[in-house]
$ cat coords03.txt   # compact mmCIF, C-alpha atoms and all ligand atoms
# COMPACT_ATOMS: atom_id res chain seq x y z
CA MET A 1 -9.14 8.69 -7.18
CA LEU A 2 -10.66 9.99 -3.94
CA GLN A 3 -11.35 7.27 -1.40
CA LEU A 4 -12.95 7.40 2.01
CA ARG A 5 -12.19 4.59 4.41
CA ASN A 6 -14.38 4.22 7.52
CA VAL A 7 -14.61 7.98 7.93
CA THR A 8 -16.17 9.04 11.21
CA HIS A 9 -16.29 12.57 12.53
CA ALA A 10 -17.91 14.38 15.46
CA TYR A 11 -18.28 18.04 16.40
CA ASP A 12 -18.36 18.62 20.15
CA GLY A 13 -19.20 14.98 20.80
CA ARG A 14 -22.01 14.90 18.23
CA THR A 15 -21.26 12.41 15.44
CA VAL A 16 -21.94 13.85 11.97
CA LEU A 17 -20.14 11.30 9.78
CA ARG A 18 -20.57 7.62 10.59
CA ASP A 19 -18.24 5.07 9.11
CA VAL A 20 -18.40 6.33 5.52
CA THR A 21 -16.50 4.21 3.00
CA LEU A 22 -16.57 5.28 -0.66
CA ASP A 23 -14.51 5.17 -3.84
CA LEU A 24 -15.27 8.30 -5.84
CA ALA A 25 -14.34 7.33 -9.38
CA GLU A 26 -17.17 8.73 -11.49
CA HIS A 27 -16.86 11.94 -13.49
CA ARG A 28 -20.08 13.50 -12.16
CA ILE A 29 -21.13 12.70 -8.60
CA GLY A 30 -24.05 14.32 -6.76
CA LEU A 31 -24.55 14.42 -3.01
CA ILE A 32 -28.00 15.10 -1.59
CA GLY A 33 -29.67 14.86 1.81
CA ALA A 34 -31.53 16.82 4.46
CA ASN A 35 -30.10 19.88 6.20
CA GLY A 36 -27.58 18.76 8.77
CA SER A 37 -27.19 15.26 7.32
CA GLY A 38 -23.43 15.75 6.96
CA LYS A 39 -22.97 16.66 3.28
CA SER A 40 -20.78 19.72 3.78
CA THR A 41 -18.71 17.97 6.40
CA LEU A 42 -18.16 15.05 4.05
CA ALA A 43 -17.30 17.43 1.19
CA ARG A 44 -14.80 19.25 3.40
CA THR A 45 -13.01 16.04 4.19
CA LEU A 46 -12.31 15.60 0.46
CA ASN A 47 -9.68 18.31 0.37
CA GLY A 48 -8.57 18.20 3.98
CA LEU A 49 -10.57 21.21 5.19
CA VAL A 50 -11.91 18.71 7.73
CA VAL A 51 -9.67 15.88 8.88
CA PRO A 52 -11.86 13.07 10.23
CA ASP A 53 -11.58 11.89 13.84
CA SER A 54 -11.08 8.37 12.57
CA GLY A 55 -10.78 6.64 9.23
CA SER A 56 -9.00 8.22 6.32
CA VAL A 57 -9.55 10.18 3.13
CA LEU A 58 -7.11 9.41 0.34
CA LEU A 59 -6.35 10.98 -3.03
CA ASP A 60 -4.42 8.50 -5.15
CA GLY A 61 -3.24 6.95 -1.90
CA LEU A 62 -2.18 10.26 -0.28
CA ASP A 63 -3.83 10.80 3.10
CA THR A 64 -5.40 14.23 3.76
CA ARG A 65 -4.05 13.93 7.28
CA ARG A 66 -0.48 14.12 6.03
CA HIS A 67 -0.64 15.65 2.54
CA ALA A 68 -3.20 18.43 3.03
CA LYS A 69 -1.22 20.96 1.03
CA GLU A 70 -0.86 18.86 -2.11
CA ILE A 71 -4.43 17.59 -1.87
CA ARG A 72 -5.82 21.10 -1.47
CA ARG A 73 -4.01 22.07 -4.65
CA ARG A 74 -5.52 19.15 -6.56
CA VAL A 75 -9.04 19.33 -5.13
CA GLY A 76 -10.71 22.72 -5.65
CA PHE A 77 -13.62 23.78 -3.45
CA VAL A 78 -16.47 26.17 -4.29
CA PHE A 79 -18.82 27.35 -1.55
CA SER A 80 -22.45 28.43 -1.90
CA ASP A 81 -21.75 31.90 -0.58
CA ALA A 82 -19.30 33.13 -3.18
CA ALA A 83 -18.80 36.43 -1.37
CA THR A 84 -16.88 34.67 1.38
CA GLN A 85 -14.52 33.30 -1.23
CA ILE A 86 -13.65 36.63 -2.83
CA LEU A 87 -10.44 37.92 -1.30
CA MET A 88 -9.13 40.67 -3.56
CA PRO A 89 -10.45 44.14 -4.52
CA THR A 90 -10.86 43.59 -8.25
CA VAL A 91 -12.08 40.70 -10.36
CA ALA A 92 -8.78 40.13 -12.16
CA GLU A 93 -6.76 40.38 -8.93
CA ASP A 94 -8.99 37.84 -7.26
CA VAL A 95 -8.49 35.34 -10.08
CA ALA A 96 -4.74 36.06 -10.18
CA LEU A 97 -4.40 35.39 -6.45
CA GLY A 98 -4.74 31.65 -6.95
CA ILE A 99 -1.76 31.52 -9.30
CA ARG A 100 0.58 34.04 -7.76
CA GLY A 101 4.02 32.65 -8.26
CA ALA A 102 3.23 31.44 -11.78
CA ARG A 103 5.57 33.00 -14.32
CA GLY A 104 4.51 36.56 -15.27
CA GLY A 105 3.29 36.26 -18.85
CA ASP A 106 1.78 32.86 -18.31
CA ALA A 107 -0.20 33.96 -15.25
CA GLU A 108 -1.60 36.95 -17.13
CA ARG A 109 -2.65 34.80 -20.08
CA ARG A 110 -4.36 32.29 -17.80
CA VAL A 111 -6.26 35.01 -15.93
CA GLU A 112 -7.48 36.60 -19.17
CA GLU A 113 -8.52 33.25 -20.60
CA ILE A 114 -10.46 32.21 -17.52
CA LEU A 115 -12.18 35.62 -17.24
CA ARG A 116 -13.27 35.35 -20.86
CA ARG A 117 -14.56 31.82 -20.40
CA HIS A 118 -16.66 32.86 -17.41
CA GLY A 119 -18.14 35.98 -18.94
CA LEU A 120 -16.10 38.30 -16.73
CA ALA A 121 -13.63 39.79 -19.22
CA ASP A 122 -15.51 43.11 -19.32
CA HIS A 123 -15.41 43.29 -15.53
CA ARG A 124 -11.74 42.59 -15.04
CA ASP A 125 -11.04 45.88 -13.18
CA HIS A 126 -14.44 46.04 -11.53
CA PRO A 127 -14.59 46.01 -7.69
CA ALA A 128 -15.32 42.35 -6.98
CA HIS A 129 -17.76 43.07 -4.15
CA LEU A 130 -19.99 45.05 -6.53
CA LEU A 131 -20.61 42.11 -8.87
CA SER A 132 -24.08 40.59 -8.93
CA GLY A 133 -24.66 37.35 -7.03
CA GLY A 134 -24.38 35.28 -10.18
CA GLN A 135 -21.23 37.07 -11.30
CA LYS A 136 -19.70 36.55 -7.85
CA GLN A 137 -20.41 32.83 -8.14
CA MET A 138 -18.78 32.78 -11.58
CA LEU A 139 -15.81 34.66 -10.12
CA ALA A 140 -15.50 32.15 -7.27
CA LEU A 141 -15.59 29.35 -9.82
CA ALA A 142 -13.04 31.12 -12.05
CA SER A 143 -10.71 31.78 -9.10
CA VAL A 144 -10.70 28.07 -8.27
CA LEU A 145 -10.48 26.82 -11.86
CA VAL A 146 -7.51 29.06 -12.69
CA THR A 147 -5.49 26.93 -10.28
CA GLU A 148 -6.28 23.94 -12.53
CA PRO A 149 -7.52 21.48 -9.90
CA GLU A 150 -8.10 17.89 -10.99
CA ILE A 151 -11.30 17.62 -9.00
CA LEU A 152 -13.89 20.23 -8.13
CA VAL A 153 -16.07 19.95 -5.03
CA CYS A 154 -19.01 22.38 -5.13
CA ASP A 155 -21.09 22.89 -2.01
CA GLU A 156 -24.45 24.22 -3.21
CA PRO A 157 -22.96 26.62 -5.76
CA THR A 158 -26.37 27.69 -7.10
CA THR A 159 -28.36 28.03 -3.88
CA LEU A 160 -28.23 31.83 -3.85
CA LEU A 161 -28.69 32.29 -7.59
CA ASP A 162 -31.70 33.12 -9.73
CA LEU A 163 -32.93 30.76 -12.42
CA HIS A 164 -30.77 32.22 -15.17
CA ASN A 165 -27.53 32.23 -13.20
CA THR A 166 -28.31 28.76 -11.87
CA LYS A 167 -28.46 27.56 -15.47
CA VAL A 168 -25.22 29.37 -16.33
CA VAL A 169 -23.36 27.78 -13.41
CA GLU A 170 -24.89 24.36 -14.13
CA ARG A 171 -23.87 24.58 -17.77
CA THR A 172 -20.36 25.66 -16.78
CA LEU A 173 -20.02 22.74 -14.38
CA ARG A 174 -21.34 20.27 -16.95
CA ALA A 175 -18.78 21.38 -19.52
CA LEU A 176 -15.76 21.02 -17.21
CA PRO A 177 -13.24 18.32 -18.03
CA GLN A 178 -12.62 17.89 -14.28
CA GLN A 179 -14.30 15.40 -12.02
CA VAL A 180 -17.10 17.21 -10.14
CA VAL A 181 -18.64 16.39 -6.78
CA LEU A 182 -21.76 18.53 -6.45
CA LEU A 183 -23.81 19.07 -3.28
CA THR A 184 -27.26 20.42 -3.96
CA HIS A 185 -30.88 20.60 -2.84
CA GLN A 186 -31.95 21.16 -6.45
CA LEU A 187 -32.55 17.59 -7.52
CA ASP A 188 -33.09 18.32 -11.21
CA THR A 189 -29.54 19.70 -11.41
CA LEU A 190 -28.31 16.12 -11.14
CA ALA A 191 -30.00 14.79 -14.30
CA GLY A 192 -27.41 12.95 -16.35
CA PHE A 193 -24.99 12.57 -13.43
CA ASP A 194 -23.11 9.27 -13.24
CA ARG A 195 -23.83 8.69 -9.58
CA VAL A 196 -25.81 10.29 -6.78
CA LEU A 197 -25.26 9.64 -3.07
CA VAL A 198 -27.96 10.27 -0.50
CA MET A 199 -26.86 11.13 3.05
CA ASP A 200 -28.91 10.76 6.19
CA GLY A 201 -27.69 11.10 9.75
CA GLY A 202 -24.04 11.00 8.68
CA ARG A 203 -24.36 7.84 6.60
CA ILE A 204 -24.67 7.13 2.90
CA VAL A 205 -28.13 5.58 2.68
CA PHE A 206 -28.41 5.35 -1.10
CA ASP A 207 -25.83 5.18 -3.87
CA GLY A 208 -26.97 4.93 -7.46
CA ALA A 209 -28.43 6.71 -10.47
CA PRO A 210 -29.95 10.22 -10.16
CA GLU A 211 -33.63 9.27 -10.49
CA PRO A 212 -33.76 6.46 -7.93
CA ALA A 213 -31.55 8.56 -5.64
CA ALA A 214 -33.99 11.47 -5.80
CA ALA A 215 -36.91 9.08 -5.25
CA HIS A 216 -35.14 7.57 -2.24
CA TYR A 217 -34.49 11.01 -0.76
CA ILE A 218 -38.07 12.21 -1.33
CA ALA A 219 -39.50 9.03 0.23
CA LEU A 220 -37.18 9.46 3.20
CA MET A 221 -38.32 13.03 3.74
CA GLU A 222 -41.99 12.03 3.44
CA ARG A 223 -41.46 9.28 5.99
CA ARG A 224 -39.83 11.78 8.35
CA ALA A 225 -42.71 14.20 7.94
CA ALA A 226 -45.25 11.44 8.63
CA GLU A 227 -43.34 10.35 11.74
CA ALA A 228 -43.33 13.93 12.97
CA GLY A 229 -47.07 14.11 12.39
CA GLU A 230 -46.74 16.80 9.73
CA PRO A 231 -49.20 16.84 6.86
CA ALA A 232 -47.75 15.09 3.82
CA ALA A 233 -46.46 17.22 0.95
CA GLY A 234 -49.39 17.94 -1.33
CA GLY A 235 -51.73 18.73 1.57
CA GLU A 236 -55.10 16.95 1.73
CA ALA A 237 -54.34 14.78 -1.27
CA GLY A 238 -51.37 13.28 0.52
CA ARG A 239 -53.34 12.04 3.57
N1 LIG A 301 -17.73 23.66 12.41
C1 LIG A 301 -18.74 23.03 13.04
N2 LIG A 301 -18.80 22.98 14.40
C2 LIG A 301 -19.79 22.35 15.05
N3 LIG A 301 -20.80 21.71 14.43
C3 LIG A 301 -20.79 21.71 13.09
C4 LIG A 301 -19.78 22.35 12.32
N4 LIG A 301 -20.04 22.18 11.00
C5 LIG A 301 -21.17 21.46 10.96
N5 LIG A 301 -21.61 21.15 12.20
C6 LIG A 301 -22.79 20.33 12.52
O1 LIG A 301 -22.67 19.09 11.85
C7 LIG A 301 -23.92 18.66 11.34
C8 LIG A 301 -23.78 18.39 9.85
O2 LIG A 301 -23.56 19.63 9.20
P1 LIG A 301 -23.26 19.76 7.65
O3 LIG A 301 -22.96 21.19 7.41
O4 LIG A 301 -22.26 18.75 7.26
O5 LIG A 301 -24.68 19.35 7.04
P2 LIG A 301 -25.24 19.53 5.55
O6 LIG A 301 -25.78 18.20 5.16
O7 LIG A 301 -24.23 20.15 4.69
O8 LIG A 301 -26.48 20.52 5.79
P3 LIG A 301 -27.07 21.67 4.82
O9 LIG A 301 -27.95 20.98 3.82
O10 LIG A 301 -27.88 22.49 5.78
O11 LIG A 301 -25.95 22.41 4.21
C9 LIG A 301 -24.93 19.75 11.68
O12 LIG A 301 -25.65 19.34 12.80
C10 LIG A 301 -24.08 20.95 12.00
O13 LIG A 301 -24.66 21.75 12.97
MG MG A 302 -24.13 21.97 3.72
$ encode --input "coords03.txt" --output "structure tokens" --more "lines below"
Ligand SMILES: Nc1ncnc2c1ncn2[C@@H]1O[C@H](COP(=O)(O)OP(=O)(O)OP(=O)(O)O)[C@@H](O)[C@H]1O
Ligand SMILES: [Mg+2]
Amino acid sequence: MLQLRNVTHAYDGRTVLRDVTLDLAEHRIGLIGANGSGKSTLARTLNGLVVPDSGSVLLDGLDTRRHAKEIRRRVGFVFSDAATQILMPTVAEDVALGIRGARGGDAERRVEEILRRHGLADHRDHPAHLLSGGQKQMLALASVLVTEPEILVCDEPTTLLDLHNTKVVERTLRALPQQVVLLTHQLDTLAGFDRVLVMDGGRIVFDGAPEPAAAHYIALMERRAAEAGEPAAGGEAGR
């Protein structure tokens, strides 16, 4: 299980995570919050991409500060801009990259299987950079899943996708046997999730079921808008 213990982190003296303590045990966990609230930074601590200034992040008791390599192998990470995650010229090569070193026949079988499962089998020798946005996102997902991580952290994986590809990625994530931690601004994506965390100013300000979490977040944003003197969402009716 992933555990955060009093995690605090600052960039250039500006604190972006404030004393976050969490046990992440649930199968499907959502993380929502305003831009800049610290979601991506928190997500990056989960596989050691960010090591916090103080406090610790543990996977089954292993600290990301000391066991980054093993933890990165067990916790896969998918970014919203899939293009930045594509490293090899062709689709099949990109997927194979994650398991180089696996025994020949086995690696090939795993690549083929994962390409088929993600609707990319017909594109195996296609230049990866020419895939559509949705296909690139599926490729990024495939290239992470082929490494068989135990946990998948997805930082807004559908933000750049159209409605259809959003649904495809959502469906793919839902069907995974792995634990998933999903960051999103699309609140309806989290229906049926076991737990949703709301972040604000580097803290977890709500922790519960999807609907009350979304309500908490929306109320928070409306309060902010009112404080800033902006018209409430819904225009005249909201005044
Ligand atoms: N590498 C970095 N160096 C300096 N500041 C950073 C860095 N990464 C993030 N920050 C700052 O930390 C704060 C939190 O950023 P973070 O990306 O965690 O927010 P977020 O909740 O993911 O936002 P968004 O919804 O826009 O993705 C922001 O003010 C951001 O500018
Ligand atoms: Mg972010």
$ closest_residue --input "coords03.txt" --among "A:Ile71, A:Val111, A:Ile99, A:Leu120" --to "Thr45 (chain A)" --atoms "all atoms listed in the file"
A:Ile71
$ closest_atom_pairs --input "coords03.txt" --of "chain A" --to "ligand MG 302 (chain A)" --cutoff "12 Å" --atoms "all atoms listed in the file" --output "JSON lines"
{"residue": "A:Val16", "atom": "CA", "partner": "A:MG302", "partner_atom": "MG", "distance": 11.8}
{"residue": "A:Leu31", "atom": "CA", "partner": "A:MG302", "partner_atom": "MG", "distance": 10.1}
{"residue": "A:Ile32", "atom": "CA", "partner": "A:MG302", "partner_atom": "MG", "distance": 9.5}
{"residue": "A:Gly33", "atom": "CA", "partner": "A:MG302", "partner_atom": "MG", "distance": 9.2}
{"residue": "A:Ala34", "atom": "CA", "partner": "A:MG302", "partner_atom": "MG", "distance": 9.0}
{"residue": "A:Asn35", "atom": "CA", "partner": "A:MG302", "partner_atom": "MG", "distance": 6.8}
{"residue": "A:Gly36", "atom": "CA", "partner": "A:MG302", "partner_atom": "MG", "distance": 6.9}
{"residue": "A:Ser37", "atom": "CA", "partner": "A:MG302", "partner_atom": "MG", "distance": 8.2}
{"residue": "A:Gly38", "atom": "CA", "partner": "A:MG302", "partner_atom": "MG", "distance": 7.0}
{"residue": "A:Lys39", "atom": "CA", "partner": "A:MG302", "partner_atom": "MG", "distance": 5.5}
{"residue": "A:Ser40", "atom": "CA", "partner": "A:MG302", "partner_atom": "MG", "distance": 4.0}
{"residue": "A:Thr41", "atom": "CA", "partner": "A:MG302", "partner_atom": "MG", "distance": 7.2}
{"residue": "A:Leu42", "atom": "CA", "partner": "A:MG302", "partner_atom": "MG", "distance": 9.1}
{"residue": "A:Ala43", "atom": "CA", "partner": "A:MG302", "partner_atom": "MG", "distance": 8.6}
{"residue": "A:Arg44", "atom": "CA", "partner": "A:MG302", "partner_atom": "MG", "distance": 9.7}
{"residue": "A:Val78", "atom": "CA", "partner": "A:MG302", "partner_atom": "MG", "distance": 11.9}
{"residue": "A:Phe79", "atom": "CA", "partner": "A:MG302", "partner_atom": "MG", "distance": 9.2}
{"residue": "A:Ser80", "atom": "CA", "partner": "A:MG302", "partner_atom": "MG", "distance": 8.7}
{"residue": "A:Asp81", "atom": "CA", "partner": "A:MG302", "partner_atom": "MG", "distance": 11.1}
{"residue": "A:Cys154", "atom": "CA", "partner": "A:MG302", "partner_atom": "MG", "distance": 10.2}
{"residue": "A:Asp155", "atom": "CA", "partner": "A:MG302", "partner_atom": "MG", "distance": 6.6}
{"residue": "A:Glu156", "atom": "CA", "partner": "A:MG302", "partner_atom": "MG", "distance": 7.3}
{"residue": "A:Pro157", "atom": "CA", "partner": "A:MG302", "partner_atom": "MG", "distance": 10.6}
{"residue": "A:Thr159", "atom": "CA", "partner": "A:MG302", "partner_atom": "MG", "distance": 10.6}
{"residue": "A:Leu182", "atom": "CA", "partner": "A:MG302", "partner_atom": "MG", "distance": 11.0}
{"residue": "A:Leu183", "atom": "CA", "partner": "A:MG302", "partner_atom": "MG", "distance": 7.6}
{"residue": "A:Thr184", "atom": "CA", "partner": "A:MG302", "partner_atom": "MG", "distance": 8.4}
{"residue": "A:His185", "atom": "CA", "partner": "A:MG302", "partner_atom": "MG", "distance": 9.5}
{"residue": "A:Met199", "atom": "CA", "partner": "A:MG302", "partner_atom": "MG", "distance": 11.2}
$ axis_aligned_box --input "coords03.txt" --around "ligand LIG 301 (chain A)" --padding-each-side "4 Å" --output "JSON"
{"center_x": -22.8, "center_y": 20.9, "center_z": 9.4, "size_x": 18.2, "size_y": 13.5, "size_z": 19.2}
$ closest_residue --input "coords03.txt" --among "A:Leu24, A:Met221, A:Leu130, A:Leu139" --to "Val57 (chain A)" --atoms "only C-alpha atoms"
A:Leu24
$ atom_distance --input "coords03.txt" --atom1 "atom O10 of ligand LIG 301 (chain A)" --atom2 "CA of Asp162 (chain A)"
19.2 Å
$ closest_residue --input "coords03.txt" --among "A:Asp194, A:Glu26, A:Glu113, A:Asp200" --to "ligand LIG 301 (chain A)" --atoms "only C-alpha atoms and all ligand atoms"
A:Asp200
$ closest_residue --input "coords03.txt" --among "A:Ala68, A:Ile204, A:Ala92, A:Ala121" --to "ligand LIG 301 (chain A)" --atoms "only C-alpha atoms and all ligand atoms"
A:Ile204
$ closest_residue --input "coords03.txt" --among "A:Leu173, A:Val91, A:Ile86, A:Val144" --to "Phe193 (chain A)" --atoms "all atoms listed in the file"
A:Leu173
$ closest_residue --input "coords03.txt" --among "A:Val198, A:Leu2, A:Val180, A:Val75" --to "Leu59 (chain A)" --atoms "all atoms listed in the file"
A:Leu2
$ atom_distance --input "coords03.txt" --atom1 "CA of Ala209 (chain A)" --atom2 "CA of Asp23 (chain A)"
15.5 Å
$ atom_distance --input "coords03.txt" --atom1 "CA of Ala219 (chain A)" --atom2 "atom O7 of ligand LIG 301 (chain A)"
19.4 Å
$ residues_around --input "coords03.txt" --residues "Asp188 (chain A)" --least-positions-apart "4" --cutoff "12 Å" --atoms "all atoms listed in the file" --output "short mmCIF file (atom, residue, chain, number, x, y, z; two decimals) with C-alpha atoms, keeping the file's coordinate frame"
data_model
loop_
_atom_site.label_atom_id
_atom_site.label_comp_id
_atom_site.auth_asym_id
_atom_site.auth_seq_id
_atom_site.Cartn_x
_atom_site.Cartn_y
_atom_site.Cartn_z
CA GLY A 30 -24.05 14.32 -6.76
CA ILE A 32 -28.00 15.10 -1.59
CA THR A 166 -28.31 28.76 -11.87
CA LYS A 167 -28.46 27.56 -15.47
CA GLU A 170 -24.89 24.36 -14.13
CA THR A 184 -27.26 20.42 -3.96
CA GLY A 192 -27.41 12.95 -16.35
CA PHE A 193 -24.99 12.57 -13.43
CA VAL A 196 -25.81 10.29 -6.78
CA PRO A 210 -29.95 10.22 -10.16
CA GLU A 211 -33.63 9.27 -10.49
CA ALA A 213 -31.55 8.56 -5.64
CA ALA A 214 -33.99 11.47 -5.80
CA ALA A 215 -36.91 9.08 -5.25
#
$ residues_around --input "coords03.txt" --residues "Asn47 (chain A)" --least-positions-apart "6" --cutoff "10 Å" --atoms "all atoms listed in the file" --output "MDAnalysis selection string"
chainID A and resid 2 57:59 63:65 67:77 151:153
$ decode --input "coords03.txt" --residues "region 24-115 of chain A" --atoms "C-alpha atoms" --output "mmCIF file, in the first residue's frame"
data_model
loop_
_atom_site.group_PDB
_atom_site.id
_atom_site.type_symbol
_atom_site.label_atom_id
_atom_site.label_comp_id
_atom_site.auth_asym_id
_atom_site.auth_seq_id
_atom_site.Cartn_x
_atom_site.Cartn_y
_atom_site.Cartn_z
ATOM 1 C CA LEU A 24 -3.991 4.849 -0.287
ATOM 2 C CA ALA A 25 -5.624 1.441 -0.023
ATOM 3 C CA GLU A 26 -8.652 1.704 -2.303
ATOM 4 C CA HIS A 27 -8.744 0.217 -5.791
ATOM 5 C CA ARG A 28 -9.994 3.401 -7.496
ATOM 6 C CA ILE A 29 -8.907 6.746 -6.079
ATOM 7 C CA GLY A 30 -9.614 10.132 -7.670
ATOM 8 C CA LEU A 31 -7.759 13.366 -6.987
ATOM 9 C CA ILE A 32 -9.372 16.684 -7.864
ATOM 10 C CA GLY A 33 -8.705 20.344 -7.114
ATOM 11 C CA ALA A 34 -8.035 23.718 -8.683
ATOM 12 C CA ASN A 35 -5.101 24.424 -10.997
ATOM 13 C CA GLY A 36 -1.962 24.744 -8.935
ATOM 14 C CA SER A 37 -3.455 23.091 -5.842
ATOM 15 C CA GLY A 38 -0.666 20.486 -5.803
ATOM 16 C CA LYS A 39 -2.247 17.418 -7.443
ATOM 17 C CA SER A 40 0.531 16.685 -9.917
ATOM 18 C CA THR A 41 3.192 17.274 -7.305
ATOM 19 C CA LEU A 42 1.444 14.865 -4.959
ATOM 20 C CA ALA A 43 1.044 12.312 -7.763
ATOM 21 C CA ARG A 44 4.740 12.602 -8.610
ATOM 22 C CA THR A 45 5.717 11.827 -5.061
ATOM 23 C CA LEU A 46 3.927 8.463 -5.379
ATOM 24 C CA ASN A 47 6.607 6.967 -7.586
ATOM 25 C CA GLY A 48 9.556 9.050 -6.482
ATOM 26 C CA LEU A 49 9.544 11.493 -9.411
ATOM 27 C CA VAL A 50 9.349 14.093 -6.634
ATOM 28 C CA VAL A 51 10.980 13.349 -3.298
ATOM 29 C CA PRO A 52 9.365 15.535 -0.643
ATOM 30 C CA ASP A 53 11.390 18.058 1.368
ATOM 31 C CA SER A 54 10.079 16.483 4.535
ATOM 32 C CA GLY A 55 7.882 13.565 5.479
ATOM 33 C CA SER A 56 7.946 10.320 3.571
ATOM 34 C CA VAL A 57 6.166 8.355 0.873
ATOM 35 C CA LEU A 58 6.175 4.607 1.359
ATOM 36 C CA LEU A 59 5.181 1.642 -0.798
ATOM 37 C CA ASP A 60 4.742 -1.405 1.403
ATOM 38 C CA GLY A 61 7.147 0.235 3.819
ATOM 39 C CA LEU A 62 9.792 1.100 1.184
ATOM 40 C CA ASP A 63 10.671 4.791 1.176
ATOM 41 C CA THR A 64 10.784 6.570 -2.213
ATOM 42 C CA ARG A 65 13.802 8.424 -0.903
ATOM 43 C CA ARG A 66 15.838 5.227 -0.803
ATOM 44 C CA HIS A 67 14.073 2.755 -3.102
ATOM 45 C CA ALA A 68 13.148 4.972 -6.065
ATOM 46 C CA LYS A 69 14.147 2.381 -8.645
ATOM 47 C CA GLU A 70 12.012 -0.450 -7.291
ATOM 48 C CA ILE A 71 9.092 1.876 -6.575
ATOM 49 C CA ARG A 72 9.205 3.342 -10.076
ATOM 50 C CA ARG A 73 8.974 -0.178 -11.447
ATOM 51 C CA ARG A 74 5.913 -0.945 -9.332
ATOM 52 C CA VAL A 75 4.119 2.384 -9.726
ATOM 53 C CA GLY A 76 3.448 3.311 -13.368
ATOM 54 C CA PHE A 77 2.818 6.924 -14.346
ATOM 55 C CA VAL A 78 0.784 8.252 -17.285
ATOM 56 C CA PHE A 79 0.921 11.955 -18.164
ATOM 57 C CA SER A 80 -1.762 14.048 -19.857
ATOM 58 C CA ASP A 81 0.481 14.908 -22.775
ATOM 59 C CA ALA A 82 1.143 11.459 -24.164
ATOM 60 C CA ALA A 83 3.462 12.814 -26.839
ATOM 61 C CA THR A 84 6.084 13.601 -24.211
ATOM 62 C CA GLN A 85 5.978 9.986 -23.118
ATOM 63 C CA ILE A 86 6.581 8.471 -26.550
ATOM 64 C CA LEU A 87 10.274 7.739 -26.920
ATOM 65 C CA MET A 88 10.674 5.394 -29.877
ATOM 66 C CA PRO A 89 10.028 5.764 -33.635
ATOM 67 C CA THR A 90 7.375 3.088 -34.030
ATOM 68 C CA VAL A 91 4.429 1.988 -31.934
ATOM 69 C CA ALA A 92 5.734 -1.527 -31.278
ATOM 70 C CA GLU A 93 9.236 -0.276 -30.455
ATOM 71 C CA ASP A 94 7.842 2.211 -27.985
ATOM 72 C CA VAL A 95 5.898 -0.486 -26.156
ATOM 73 C CA ALA A 96 8.888 -2.864 -26.271
ATOM 74 C CA LEU A 97 11.169 -0.240 -24.721
ATOM 75 C CA GLY A 98 9.619 -0.723 -21.298
ATOM 76 C CA ILE A 99 10.467 -4.423 -21.240
ATOM 77 C CA ARG A 100 13.834 -4.494 -22.936
ATOM 78 C CA GLY A 101 15.792 -7.151 -21.166
ATOM 79 C CA ALA A 102 12.787 -9.480 -20.936
ATOM 80 C CA ARG A 103 13.486 -12.789 -22.646
ATOM 81 C CA GLY A 104 13.070 -12.561 -26.450
ATOM 82 C CA GLY A 105 9.946 -14.597 -27.180
ATOM 83 C CA ASP A 106 8.212 -13.510 -24.025
ATOM 84 C CA ALA A 107 8.798 -9.803 -24.700
ATOM 85 C CA GLU A 108 7.417 -10.138 -28.223
ATOM 86 C CA ARG A 109 4.311 -11.937 -27.003
ATOM 87 C CA ARG A 110 3.680 -9.304 -24.339
ATOM 88 C CA VAL A 111 4.060 -6.450 -26.825
ATOM 89 C CA GLU A 112 1.639 -8.060 -29.292
ATOM 90 C CA GLU A 113 -0.890 -8.782 -26.561
ATOM 91 C CA ILE A 114 -0.832 -5.267 -25.167
ATOM 92 C CA LEU A 115 -1.061 -3.689 -28.651
#
